[in-house]
Structure formats: structure tokens, C-alpha cells
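For reference, model.cif is printed below; it contains mmCIF, C-alpha atoms.
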```cif
data_data
loop_
_atom_site.label_atom_id
_atom_site.label_comp_id
_atom_site.auth_asym_id
_atom_site.auth_seq_id
_atom_site.Cartn_x
_atom_site.Cartn_y
_atom_site.Cartn_z
CA MET A 1 159.37 75.81 -0.65
CA GLN A 2 159.41 78.84 1.64
CA THR A 3 157.08 81.74 0.92
CA GLN A 4 158.32 85.33 0.79
CA ALA A 5 156.62 85.99 4.15
CA GLU A 6 158.39 83.02 5.76
CA LYS A 7 161.74 84.19 4.39
CA GLN A 8 161.03 87.69 5.73
CA ASN A 9 160.22 86.27 9.18
CA ILE A 10 163.44 84.26 9.23
CA PHE A 11 165.38 87.35 8.20
CA THR A 12 163.70 89.39 10.94
CA VAL A 13 164.48 86.78 13.61
CA LYS A 14 168.11 86.63 12.49
CA ALA A 15 168.34 90.41 12.53
CA LEU A 16 166.83 90.61 16.01
CA PHE A 17 169.22 87.94 17.27
CA PHE A 18 172.17 89.76 15.71
CA ASP A 19 171.12 93.07 17.27
CA PHE A 20 170.65 91.39 20.65
CA LYS A 21 174.20 90.03 20.43
CA GLU A 22 175.45 93.48 19.46
CA ILE A 23 173.59 95.43 22.13
CA THR A 24 174.76 93.02 24.86
CA LYS A 25 178.27 92.63 23.36
CA ALA A 26 177.93 88.85 23.42
CA GLY A 27 181.64 88.10 22.95
CA LEU A 28 182.64 90.30 25.87
CA ALA A 29 179.74 89.04 28.00
CA VAL A 30 180.72 85.40 27.45
CA SER A 31 184.34 86.10 28.41
CA VAL A 32 183.16 87.82 31.60
CA VAL A 33 180.87 84.88 32.42
CA PHE A 34 183.86 82.58 31.88
CA SER A 35 185.72 84.48 34.63
CA SER A 36 182.76 84.02 36.97
CA VAL A 37 182.59 80.31 36.19
CA ALA A 38 186.32 79.97 36.90
CA GLY A 39 185.89 81.72 40.26
CA PHE A 40 182.93 79.47 41.05
CA LEU A 41 184.91 76.30 40.30
CA LEU A 42 187.70 77.53 42.56
CA GLY A 43 185.24 78.12 45.38
CA ILE A 44 183.18 74.92 45.37
CA GLU A 45 184.00 72.14 47.81
CA THR A 46 181.84 69.36 46.34
CA VAL A 47 180.44 68.60 42.90
CA ASN A 48 176.81 67.48 42.72
CA LEU A 49 173.56 68.31 40.93
CA GLN A 50 173.05 71.41 43.07
CA THR A 51 176.50 72.61 42.04
CA PHE A 52 175.64 72.33 38.35
CA TYR A 53 172.29 74.03 38.93
CA THR A 54 173.97 76.96 40.70
CA LEU A 55 176.59 77.16 37.96
CA ILE A 56 173.87 77.47 35.31
CA LEU A 57 172.14 80.19 37.32
CA LEU A 58 175.44 82.04 37.68
CA ALA A 59 176.11 81.87 33.95
CA ILE A 60 172.63 83.08 32.97
CA GLY A 61 172.44 85.74 35.68
CA GLY A 62 175.96 86.88 34.93
CA TYR A 63 175.25 87.23 31.22
CA CYS A 64 172.12 89.24 31.99
CA MET A 65 174.03 91.67 34.19
CA VAL A 66 176.93 92.12 31.76
CA GLY A 67 174.58 92.36 28.79
CA ALA A 68 172.49 94.97 30.60
CA SER A 69 175.60 97.00 31.46
CA ASN A 70 176.67 96.96 27.82
CA ALA A 71 173.19 97.94 26.63
CA PHE A 72 173.00 100.88 29.06
CA ASN A 73 176.51 101.85 27.96
CA GLN A 74 175.43 101.97 24.31
CA ILE A 75 172.36 104.03 25.16
CA ILE A 76 174.48 106.61 26.99
CA GLU A 77 177.17 106.64 24.29
CA LYS A 78 174.88 106.51 21.26
CA ASP A 79 176.10 109.87 19.92
CA LEU A 80 179.75 109.01 20.56
CA ASP A 81 179.35 105.60 18.91
CA ALA A 82 178.07 107.32 15.77
CA LEU A 83 181.41 109.16 15.51
CA MET A 84 183.69 106.12 15.68
CA GLU A 85 184.32 103.68 12.83
CA ARG A 86 184.28 100.57 14.99
CA THR A 87 180.98 101.46 16.69
CA LYS A 88 178.93 103.41 14.16
CA ASN A 89 177.16 100.24 12.96
CA ARG A 90 175.94 99.24 16.40
CA PRO A 91 172.14 98.82 16.69
CA ILE A 92 171.35 102.28 18.13
CA PRO A 93 173.59 104.64 16.09
CA SER A 94 172.76 102.72 12.90
CA GLY A 95 169.04 103.17 13.58
CA ARG A 96 168.22 99.46 13.73
CA MET A 97 167.14 99.74 17.37
CA SER A 98 165.52 102.66 19.15
CA VAL A 99 166.73 103.95 22.49
CA THR A 100 163.39 102.92 24.03
CA LYS A 101 163.75 99.32 22.88
CA ALA A 102 167.35 99.19 24.06
CA PHE A 103 166.32 100.61 27.44
CA ILE A 104 163.59 97.96 27.78
CA VAL A 105 166.08 95.20 26.96
CA ALA A 106 168.64 96.60 29.44
CA THR A 107 166.07 97.03 32.22
CA LEU A 108 164.54 93.57 31.81
CA MET A 109 167.97 91.96 31.76
CA THR A 110 168.98 93.88 34.89
CA LEU A 111 165.90 92.74 36.79
CA LEU A 112 166.17 89.15 35.56
CA GLY A 113 169.89 89.05 36.36
CA LEU A 114 169.39 90.37 39.87
CA VAL A 115 166.59 87.89 40.60
CA ILE A 116 168.67 84.97 39.34
CA LEU A 117 171.79 86.03 41.25
CA TYR A 118 169.73 86.64 44.39
CA SER A 119 168.43 83.07 44.13
CA ILE A 120 172.06 81.96 44.52
CA ASN A 121 172.72 84.18 47.53
CA GLU A 122 172.32 87.80 48.60
CA GLN A 123 176.02 88.64 48.33
CA THR A 124 176.19 87.57 44.69
CA ALA A 125 173.23 89.79 43.81
CA MET A 126 174.75 92.69 45.76
CA PHE A 127 178.07 92.54 43.92
CA GLY A 128 176.24 92.12 40.62
CA ALA A 129 174.24 95.28 41.35
CA ILE A 130 177.38 97.20 42.37
CA SER A 131 179.05 96.13 39.14
CA ILE A 132 176.27 97.34 36.84
CA PHE A 133 175.92 100.62 38.79
CA LEU A 134 179.64 101.46 38.63
CA TYR A 135 179.96 100.51 34.98
CA THR A 136 176.89 102.47 33.88
CA CYS A 137 176.84 105.45 36.23
CA ALA A 138 180.55 106.03 36.90
CA TYR A 139 182.86 104.48 34.27
CA THR A 140 180.79 105.30 31.17
CA PRO A 141 180.26 109.04 31.87
CA LEU A 142 183.90 109.51 32.91
CA LYS A 143 185.32 108.21 29.61
CA THR A 144 184.95 111.66 28.02
CA ILE A 145 186.16 113.54 31.11
CA THR A 146 189.29 111.91 32.49
CA PRO A 147 191.75 109.03 31.93
CA LEU A 148 190.85 107.99 35.48
CA SER A 149 187.80 106.35 33.89
CA VAL A 150 189.97 103.25 33.38
CA PHE A 151 190.73 103.18 37.11
CA VAL A 152 187.03 103.52 37.96
CA GLY A 153 186.08 100.92 35.35
CA ALA A 154 188.62 98.49 36.78
CA PHE A 155 186.38 98.00 39.83
CA PRO A 156 183.29 96.61 38.06
CA GLY A 157 185.61 94.88 35.60
CA ALA A 158 187.33 93.01 38.44
CA ILE A 159 184.13 91.76 40.08
CA PRO A 160 183.29 88.73 37.84
CA PHE A 161 186.23 86.49 38.92
CA MET A 162 185.44 87.28 42.55
CA LEU A 163 181.70 86.94 41.95
CA GLY A 164 182.08 83.27 41.10
CA TRP A 165 183.80 82.58 44.41
CA VAL A 166 181.10 84.45 46.33
CA ALA A 167 178.40 82.50 44.46
CA ALA A 168 180.07 79.23 45.46
CA THR A 169 180.82 80.08 49.10
CA GLY A 170 178.31 82.76 50.07
CA HIS A 171 180.90 85.08 51.58
CA PHE A 172 183.67 87.55 50.71
CA GLY A 173 187.06 86.83 52.24
CA ILE A 174 190.77 86.92 51.46
CA GLU A 175 190.29 84.41 48.63
CA ALA A 176 187.64 86.48 46.85
CA GLY A 177 189.71 89.61 47.49
CA THR A 178 192.73 87.99 45.85
CA LEU A 179 190.72 87.04 42.76
CA PHE A 180 189.40 90.60 42.64
CA LEU A 181 192.91 92.02 42.88
CA ILE A 182 194.17 89.88 40.00
CA GLN A 183 191.48 90.98 37.59
CA PHE A 184 191.70 94.57 38.87
CA PHE A 185 195.36 94.96 37.89
CA TRP A 186 194.74 93.10 34.63
CA GLN A 187 192.33 95.82 33.48
CA PHE A 188 195.05 98.47 33.11
CA PRO A 189 197.46 96.95 30.56
CA HIS A 190 194.49 95.44 28.74
CA PHE A 191 192.50 98.66 28.30
CA TRP A 192 195.53 100.90 27.81
CA ALA A 193 196.56 98.61 24.96
CA ILE A 194 193.09 99.00 23.45
CA GLY A 195 193.20 102.75 24.01
CA TRP A 196 196.59 102.87 22.27
CA PHE A 197 195.77 101.05 19.02
CA LEU A 198 192.31 102.64 18.80
CA TYR A 199 193.60 106.06 19.82
CA ASP A 200 192.46 107.87 16.67
CA ASP A 201 188.96 106.42 16.90
CA TYR A 202 188.61 107.31 20.57
CA GLU A 203 189.92 110.80 19.85
CA LYS A 204 187.00 111.40 17.44
CA ALA A 205 184.59 110.82 20.32
CA GLY A 206 186.69 112.71 22.87
CA CYS A 207 187.29 109.62 25.00
CA PHE A 208 190.30 109.62 27.32
CA MET A 209 191.67 106.10 27.77
CA LEU A 210 195.44 106.49 28.16
CA PRO A 211 196.89 107.55 31.54
CA SER A 212 198.94 110.41 30.08
CA GLY A 213 196.37 111.16 27.39
CA LYS A 214 198.94 110.31 24.71
CA ARG A 215 200.68 107.34 23.11
CA ASP A 216 203.97 108.19 24.78
CA GLN A 217 206.72 106.89 27.05
CA SER A 218 204.71 107.67 30.19
CA THR A 219 201.78 105.52 29.11
CA ALA A 220 204.09 102.69 28.03
CA THR A 221 205.99 102.85 31.33
CA GLN A 222 202.80 102.70 33.39
CA THR A 223 201.64 99.75 31.31
CA ILE A 224 204.80 97.86 32.29
CA LEU A 225 204.41 98.78 35.97
CA TYR A 226 200.80 97.59 36.14
CA THR A 227 201.74 94.40 34.32
CA ILE A 228 204.31 93.73 37.06
CA TRP A 229 201.65 94.35 39.72
CA LEU A 230 199.40 91.91 37.85
CA ILE A 231 202.09 89.23 37.94
CA VAL A 232 202.62 89.78 41.68
CA ALA A 233 198.87 89.58 42.33
CA SER A 234 198.59 86.41 40.24
CA LEU A 235 201.21 84.70 42.38
CA LEU A 236 199.52 85.61 45.67
CA PRO A 237 197.61 82.28 45.88
CA ALA A 238 201.00 80.55 46.05
CA VAL A 239 201.82 82.35 49.31
CA LEU A 240 198.34 82.53 50.85
CA PRO A 241 198.79 79.26 52.81
CA TYR A 242 201.73 80.89 54.61
CA VAL A 243 200.02 84.18 55.49
CA ALA A 244 196.47 82.82 55.84
CA PRO A 245 196.64 79.13 56.78
CA LEU A 246 192.85 78.74 56.59
CA SER A 247 192.71 80.04 53.04
CA LYS A 248 191.04 77.69 50.56
CA LEU A 249 192.72 79.31 47.58
CA TYR A 250 196.29 78.27 46.85
CA LEU A 251 198.59 77.19 44.03
CA SER A 252 200.93 74.25 43.80
CA ILE A 253 204.55 74.92 42.89
CA PRO A 254 204.14 73.69 39.26
CA ALA A 255 201.07 75.92 38.82
CA ALA A 256 202.97 78.88 40.30
CA VAL A 257 205.81 78.31 37.83
CA ILE A 258 203.36 78.23 34.91
CA THR A 259 201.74 81.41 36.25
CA LEU A 260 205.14 83.08 36.39
CA LEU A 261 205.87 82.04 32.80
CA LEU A 262 202.53 83.45 31.66
CA GLY A 263 203.43 86.67 33.44
CA GLY A 264 206.77 86.78 31.63
CA TRP A 265 204.92 86.38 28.33
CA MET A 266 202.70 89.35 29.07
CA LEU A 267 205.55 91.44 30.45
CA MET A 268 207.53 90.92 27.25
CA ALA A 269 204.54 92.18 25.25
CA ALA A 270 204.36 95.27 27.48
CA ILE A 271 208.11 95.88 27.11
CA ASN A 272 207.77 95.51 23.35
CA LEU A 273 205.12 98.25 23.40
CA TYR A 274 207.53 100.47 25.34
CA LYS A 275 210.29 99.87 22.79
CA LEU A 276 208.31 100.28 19.57
CA ARG A 277 205.22 102.26 20.61
CA THR A 278 203.18 101.22 17.59
CA ALA A 279 199.53 100.35 17.15
CA GLN A 280 200.60 96.86 16.12
CA THR A 281 202.51 96.18 19.34
CA ALA A 282 199.61 97.60 21.36
CA LYS A 283 197.18 95.26 19.63
CA LYS A 284 199.56 92.38 20.30
CA LEU A 285 199.60 93.29 23.99
CA MET A 286 195.80 93.37 24.05
CA LEU A 287 195.62 89.88 22.52
CA VAL A 288 198.30 88.58 24.89
CA SER A 289 196.40 90.04 27.86
CA VAL A 290 193.25 88.16 26.84
CA GLY A 291 195.28 84.97 26.48
CA TYR A 292 196.95 85.62 29.84
CA ILE A 293 193.78 85.98 31.91
CA THR A 294 192.11 83.05 30.15
CA LEU A 295 195.06 80.68 30.56
CA LEU A 296 195.64 81.86 34.13
CA GLN A 297 192.10 80.93 35.09
CA PHE A 298 192.49 77.56 33.39
CA VAL A 299 195.71 76.96 35.33
CA TYR A 300 194.07 77.87 38.65
CA VAL A 301 191.08 75.59 38.06
CA ILE A 302 193.05 72.65 36.69
CA ASP A 303 195.57 72.92 39.53
CA LYS A 304 192.77 72.75 42.08
CA PHE A 305 191.20 69.62 40.64
CA LEU A 306 194.52 67.84 40.05
CA ARG A 307 195.73 68.30 43.64
#
```
Please render this file's structure as C-alpha cells.
Amino acid sequence: MQTQAEKQNIFTVKALFFDFKEITKAGLAVSVVFSSVAGFLLGIETVNLQTFYTLILLAIGGYCMVGASNAFNQIIEKDLDALMERTKNRPIPSGRMSVTKAFIVATLMTLLGLVILYSINEQTAMFGAISIFLYTCAYTPLKTITPLSVFVGAFPGAIPFMLGWVAATGHFGIEAGTLFLIQFFWQFPHFWAIGWFLYDDYEKAGCFMLPSGKRDQSTATQTILYTIWLIVASLLPAVLPYVAPLSKLYLSIPAAVITLLLGGWMLMAAINLYKLRTAQTAKKLMLVSVGYITLLQFVYVIDKFLR
């Protein structure tokens, strides 16, 4: 039978683990790592033990970098988080974790992540460092100043998919640029949808997420336009062999058709937001956008290994 001290220790460990997940935004971090893994699988030429070893390093290093970015973000926004319902129970504003402890966690994860990514290759570490710098020092401070914060945040947000390719190949080229472009355009409808259905909460903290600053026709129209650009970017691998014959990234016709259908699915969700302009349709678009990028990456990877 467990003693009271043993039960207290178990509770403390669980609480620490929970707070670590919260401060690093584990769900978001895992989804970002998934994008990097997908990019890595698209970039590899052979599968062997070294491939699996590098993939593990990429996943761990990637999680460290994303987790550190999220921790720094919560340190900077601790006062804003205390104002919003969805964030007031995070470790720092709730008082469960001090700023000093959070800073130590973020710093150690940054250093560990950079070392791990550097062990893969220099380019991977460089892009990882750029990502954490832009997210922490540019995107986060701009959220309370201008709606352009979403544009700035789209740059570090688009790096993971590309990062996987760079980790696999050791260089940045048209293929990595294409993967970057896809995830870059994806950021806009995704985050504008979030900004729409959480508008009231963001307003409490003075955060500007929507391009027009309001849940209006202009924002809905821009969401549709950027969704169209996303669809175009997603189909670029299907035409790369014709414009860049040496490109190692391309889609078969069946995969391109599936990609187009996925794009139609997301476009319909964006059009529905334009028609109804409700928090419910915005939330639906956000969920569809997550499904879109996830399924798209699955399609790309599966298509490569089935060819």
C-alpha cells in the first residue's frame, strides 16, 4: 500500500509532466514535428539504420525547438494569457510555474534542440534557429500591434515541412522552397479561422489576428483568396518535373487529383465562412485546415513510396 509521501511524489511528477506539456504546447509541437517527418520522408533516397537514426534526431530536436518557442511565447505573453479564458490556466498565469523556471526550460530546450539539429547538418540547425527567433522575437510581440503578425508568423510556421527535406538532403532547393510555400499559405486561412471564432477572447488581450481587424466580409474574402493560393501551391509538385526536370519532388496524376479534391474540401469550408460568418463556421474551417495539411502530407509521402 502506498504511503502518503509516495502518493504526493506521484502527484508531483504528474503535475510536472502536465505543466511541461502545457508550457511546450505538446499537441501543437507534435503536429509540427509530424510536418518535419513528412518533409524528411519526401527527401530521403534510401531507407537504412542511419535514416531511422536521423529521423529520431529530427523528431527530438524539432520538438525541443517548437517546445522552446512555445515556452518563450508564454513567458512574453504571461499577462495577456491571464486575461483570456482559454489561456488563464496555463502554468505561468495560474502560478504553477514561475517565469524563471519557464525560462530555464525554454533555454535548455533551445540549446538541446540546436545541438541535435546541428548533428544532422548545419542547414537544419540554421533554419531551426531562424524559426525560434522569428516566432519569439517578431511574431509574438507583433500580435498586440498589427494584424500583420500573422504574415510574420507564417514564416517560422512554414519552416517545419521544409526543415524535414533539408535534414534529409542537406541543402535548400526548389523542392524545399515548394514545401515551404505550401505551409506558408496554409497559415493564413488556418489562423484567421482561429482568430475569428476566438475573436472575443483575443480582443480581451488586445491581440490583432484578423486581416481587417474585424469578423467581416473583407476577412472572409481574404481567407478564400489565400485558400486558393494554398491549393495552387499544393499542386506545384505535379508540375515541377516540367519546369525543373531535376527536381526530386513530384506528384503522380492520381495524387494530384486527390490533392485537388482536398483543396476543394477546404475551399468549400472557406466559402461557407464567407456566406455565414459565424464562429461555428470559422471553427469548422480551422478543423478542416488541420485535416487538409495532415492528409496532404500523407498523400505526398504515400505517393512517393508507391511510385
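Among the candidates A:Ala256, A:Leu267, A:Cys64, A:Leu55, the one nearest to Thr24 of chain A when counting all atoms listed in the file is A:Cys64.
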Which residues are near segment 145-162 of chain A? Cut-off 9 Å, all atoms listed in the file, ignore same chain within fewer than 3 positions. Put them as a PDB file with C-alpha atoms, keeping the file's coordinate frame.
```pdb
ATOM      1  CA  VAL A  32     183.160  87.820  31.600  1.00  0.00           C
ATOM      2  CA  VAL A  33     180.870  84.880  32.420  1.00  0.00           C
ATOM      3  CA  PHE A  34     183.860  82.580  31.880  1.00  0.00           C
ATOM      4  CA  SER A  35     185.720  84.480  34.630  1.00  0.00           C
ATOM      5  CA  SER A  36     182.760  84.020  36.970  1.00  0.00           C
ATOM      6  CA  VAL A  37     182.590  80.310  36.190  1.00  0.00           C
ATOM      7  CA  ALA A  38     186.320  79.970  36.900  1.00  0.00           C
ATOM      8  CA  GLY A  39     185.890  81.720  40.260  1.00  0.00           C
ATOM      9  CA  PHE A  40     182.930  79.470  41.050  1.00  0.00           C
ATOM     10  CA  GLY A  62     175.960  86.880  34.930  1.00  0.00           C
ATOM     11  CA  PHE A 127     178.070  92.540  43.920  1.00  0.00           C
ATOM     12  CA  GLY A 128     176.240  92.120  40.620  1.00  0.00           C
ATOM     13  CA  ILE A 130     177.380  97.200  42.370  1.00  0.00           C
ATOM     14  CA  SER A 131     179.050  96.130  39.140  1.00  0.00           C
ATOM     15  CA  ILE A 132     176.270  97.340  36.840  1.00  0.00           C
ATOM     16  CA  PHE A 133     175.920 100.620  38.790  1.00  0.00           C
ATOM     17  CA  LEU A 134     179.640 101.460  38.630  1.00  0.00           C
ATOM     18  CA  TYR A 135     179.960 100.510  34.980  1.00  0.00           C
ATOM     19  CA  ALA A 138     180.550 106.030  36.900  1.00  0.00           C
ATOM     20  CA  TYR A 139     182.860 104.480  34.270  1.00  0.00           C
ATOM     21  CA  THR A 140     180.790 105.300  31.170  1.00  0.00           C
ATOM     22  CA  PRO A 141     180.260 109.040  31.870  1.00  0.00           C
ATOM     23  CA  LEU A 142     183.900 109.510  32.910  1.00  0.00           C
ATOM     24  CA  TRP A 165     183.800  82.580  44.410  1.00  0.00           C
ATOM     25  CA  VAL A 166     181.100  84.450  46.330  1.00  0.00           C
ATOM     26  CA  ALA A 167     178.400  82.500  44.460  1.00  0.00           C
ATOM     27  CA  PHE A 172     183.670  87.550  50.710  1.00  0.00           C
ATOM     28  CA  GLU A 175     190.290  84.410  48.630  1.00  0.00           C
ATOM     29  CA  ALA A 176     187.640  86.480  46.850  1.00  0.00           C
ATOM     30  CA  GLY A 177     189.710  89.610  47.490  1.00  0.00           C
ATOM     31  CA  THR A 178     192.730  87.990  45.850  1.00  0.00           C
ATOM     32  CA  LEU A 179     190.720  87.040  42.760  1.00  0.00           C
ATOM     33  CA  PHE A 180     189.400  90.600  42.640  1.00  0.00           C
ATOM     34  CA  LEU A 181     192.910  92.020  42.880  1.00  0.00           C
ATOM     35  CA  ILE A 182     194.170  89.880  40.000  1.00  0.00           C
ATOM     36  CA  GLN A 183     191.480  90.980  37.590  1.00  0.00           C
ATOM     37  CA  PHE A 184     191.700  94.570  38.870  1.00  0.00           C
ATOM     38  CA  PHE A 185     195.360  94.960  37.890  1.00  0.00           C
ATOM     39  CA  TRP A 186     194.740  93.100  34.630  1.00  0.00           C
ATOM     40  CA  GLN A 187     192.330  95.820  33.480  1.00  0.00           C
ATOM     41  CA  PHE A 188     195.050  98.470  33.110  1.00  0.00           C
ATOM     42  CA  PHE A 191     192.500  98.660  28.300  1.00  0.00           C
ATOM     43  CA  TRP A 192     195.530 100.900  27.810  1.00  0.00           C
ATOM     44  CA  GLY A 206     186.690 112.710  22.870  1.00  0.00           C
ATOM     45  CA  CYS A 207     187.290 109.620  25.000  1.00  0.00           C
ATOM     46  CA  PHE A 208     190.300 109.620  27.320  1.00  0.00           C
ATOM     47  CA  MET A 209     191.670 106.100  27.770  1.00  0.00           C
ATOM     48  CA  LEU A 210     195.440 106.490  28.160  1.00  0.00           C
ATOM     49  CA  PRO A 211     196.890 107.550  31.540  1.00  0.00           C
ATOM     50  CA  SER A 212     198.940 110.410  30.080  1.00  0.00           C
ATOM     51  CA  GLY A 213     196.370 111.160  27.390  1.00  0.00           C
ATOM     52  CA  GLN A 297     192.100  80.930  35.090  1.00  0.00           C
TER      53      GLN A 297
END
```
Please evaluate the PyMOL selection byres ((chain A and resi 199) around 12) against the structure above and give the resulting residues as an NGL selection string.
:A and (84-86 or 191-198 or 200-210 or 213-216 or 278-279 or 282-283)
Shell of 8 Å around Leu260 of chain A, all atoms listed in the file, local chain residues under 3 positions omitted, as an MDAnalysis selection string:
chainID A and resid 231 235 256:257 263:264
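Of the residues listed (A:Leu295, A:Leu16, A:Ala168, A:Leu114), A:Ala168 shows the shortest atom-to-atom separation from Thr46 of chain A; distances use only C-alpha atoms.
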Between atom CA of His190 of chain A and atom CA of Phe18 of chain A - distance in Å to one decimal:
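Going from atom CA of Phe18 of chain A over to atom CA of His190 of chain A covers 26.5 Å.
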If you measure from atom CA of Thr219 of chain A to atom CA of Cys137 of chain A, what distance in Å do you get, rounded to one decimal?
25.9 Å
As a check of understanding, name the residues that the PyMOL selection byres ((chain A and resi 61) around 9) selects in the supplied structure, as a short mmCIF file (atom, residue, chain, number, x, y, z; two decimals) with C-alpha atoms, in the coordinates of the input.
```cif
data_model
loop_
_atom_site.label_atom_id
_atom_site.label_comp_id
_atom_site.auth_asym_id
_atom_site.auth_seq_id
_atom_site.Cartn_x
_atom_site.Cartn_y
_atom_site.Cartn_z
CA ILE A 56 173.87 77.47 35.31
CA LEU A 57 172.14 80.19 37.32
CA LEU A 58 175.44 82.04 37.68
CA ALA A 59 176.11 81.87 33.95
CA ILE A 60 172.63 83.08 32.97
CA GLY A 62 175.96 86.88 34.93
CA TYR A 63 175.25 87.23 31.22
CA CYS A 64 172.12 89.24 31.99
CA MET A 65 174.03 91.67 34.19
CA VAL A 66 176.93 92.12 31.76
CA MET A 109 167.97 91.96 31.76
CA THR A 110 168.98 93.88 34.89
CA LEU A 112 166.17 89.15 35.56
CA GLY A 113 169.89 89.05 36.36
CA LEU A 114 169.39 90.37 39.87
CA VAL A 115 166.59 87.89 40.60
CA ILE A 116 168.67 84.97 39.34
CA LEU A 117 171.79 86.03 41.25
CA GLY A 128 176.24 92.12 40.62
#
```
Quick one, how far is atom CA of Ser218 of chain A from atom CA of Ile258 of chain A?
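Going from atom CA of Ser218 of chain A over to atom CA of Ile258 of chain A covers 29.8 Å.
Nearest residue to Ile75 of chain A among A:Leu41, A:Leu108, A:Ile120, A:Ile23 is A:Ile23, counting only C-alpha atoms.
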Contacts of segment 273-276 of chain A within 8 Å, only C-alpha atoms, excl. fewer than 3 positions in-chain, as number ranges by chain:
A: 217, 220-221, 224, 269-270, 281-282, 285
Residues matched by the PyMOL selection byres ((chain A and resi 22) around 10), written as number ranges by chain
A: 16-21, 23-27, 67, 70-71, 74, 89-92
Can you write out the residues you just picked, keeping C-alpha atoms, as a PDB file, keeping the file's coordinate frame?
```pdb
ATOM      1  CA  LEU A  16     166.830  90.610  16.010  1.00  0.00           C
ATOM      2  CA  PHE A  17     169.220  87.940  17.270  1.00  0.00           C
ATOM      3  CA  PHE A  18     172.170  89.760  15.710  1.00  0.00           C
ATOM      4  CA  ASP A  19     171.120  93.070  17.270  1.00  0.00           C
ATOM      5  CA  PHE A  20     170.650  91.390  20.650  1.00  0.00           C
ATOM      6  CA  LYS A  21     174.200  90.030  20.430  1.00  0.00           C
ATOM      7  CA  ILE A  23     173.590  95.430  22.130  1.00  0.00           C
ATOM      8  CA  THR A  24     174.760  93.020  24.860  1.00  0.00           C
ATOM      9  CA  LYS A  25     178.270  92.630  23.360  1.00  0.00           C
ATOM     10  CA  ALA A  26     177.930  88.850  23.420  1.00  0.00           C
ATOM     11  CA  GLY A  27     181.640  88.100  22.950  1.00  0.00           C
ATOM     12  CA  GLY A  67     174.580  92.360  28.790  1.00  0.00           C
ATOM     13  CA  ASN A  70     176.670  96.960  27.820  1.00  0.00           C
ATOM     14  CA  ALA A  71     173.190  97.940  26.630  1.00  0.00           C
ATOM     15  CA  GLN A  74     175.430 101.970  24.310  1.00  0.00           C
ATOM     16  CA  ASN A  89     177.160 100.240  12.960  1.00  0.00           C
ATOM     17  CA  ARG A  90     175.940  99.240  16.400  1.00  0.00           C
ATOM     18  CA  PRO A  91     172.140  98.820  16.690  1.00  0.00           C
ATOM     19  CA  ILE A  92     171.350 102.280  18.130  1.00  0.00           C
TER      20      ILE A  92
END
```
Could you give me the centre and size, in Å to one decimal, of an axis-aligned box around all listed atoms of segment 104-110 of chain A with 5 Å added on every side, as AutoDock Vina command-line options?
```
--center_x 166.3 --center_y 95.0 --center_z 30.9 --size_x 15.4 --size_y 16.0 --size_z 17.9
```
Of the candidates A:Val105, A:Met126, A:Leu42, A:Val30, which one gets nearest to Tyr250 of chain A if we count only C-alpha atoms?
A:Leu42
Out of A:Lys248, A:Lys284, A:Lys88, A:Arg307, which residue has the shortest atom-to-atom distance to Thr169 of chain A when counting all atoms listed in the file?
A:Lys248
Pro254 of chain A proximity check over A:Gly164, A:Asp303, A:Thr223, A:Ala106, using only C-alpha atoms: winner is A:Asp303
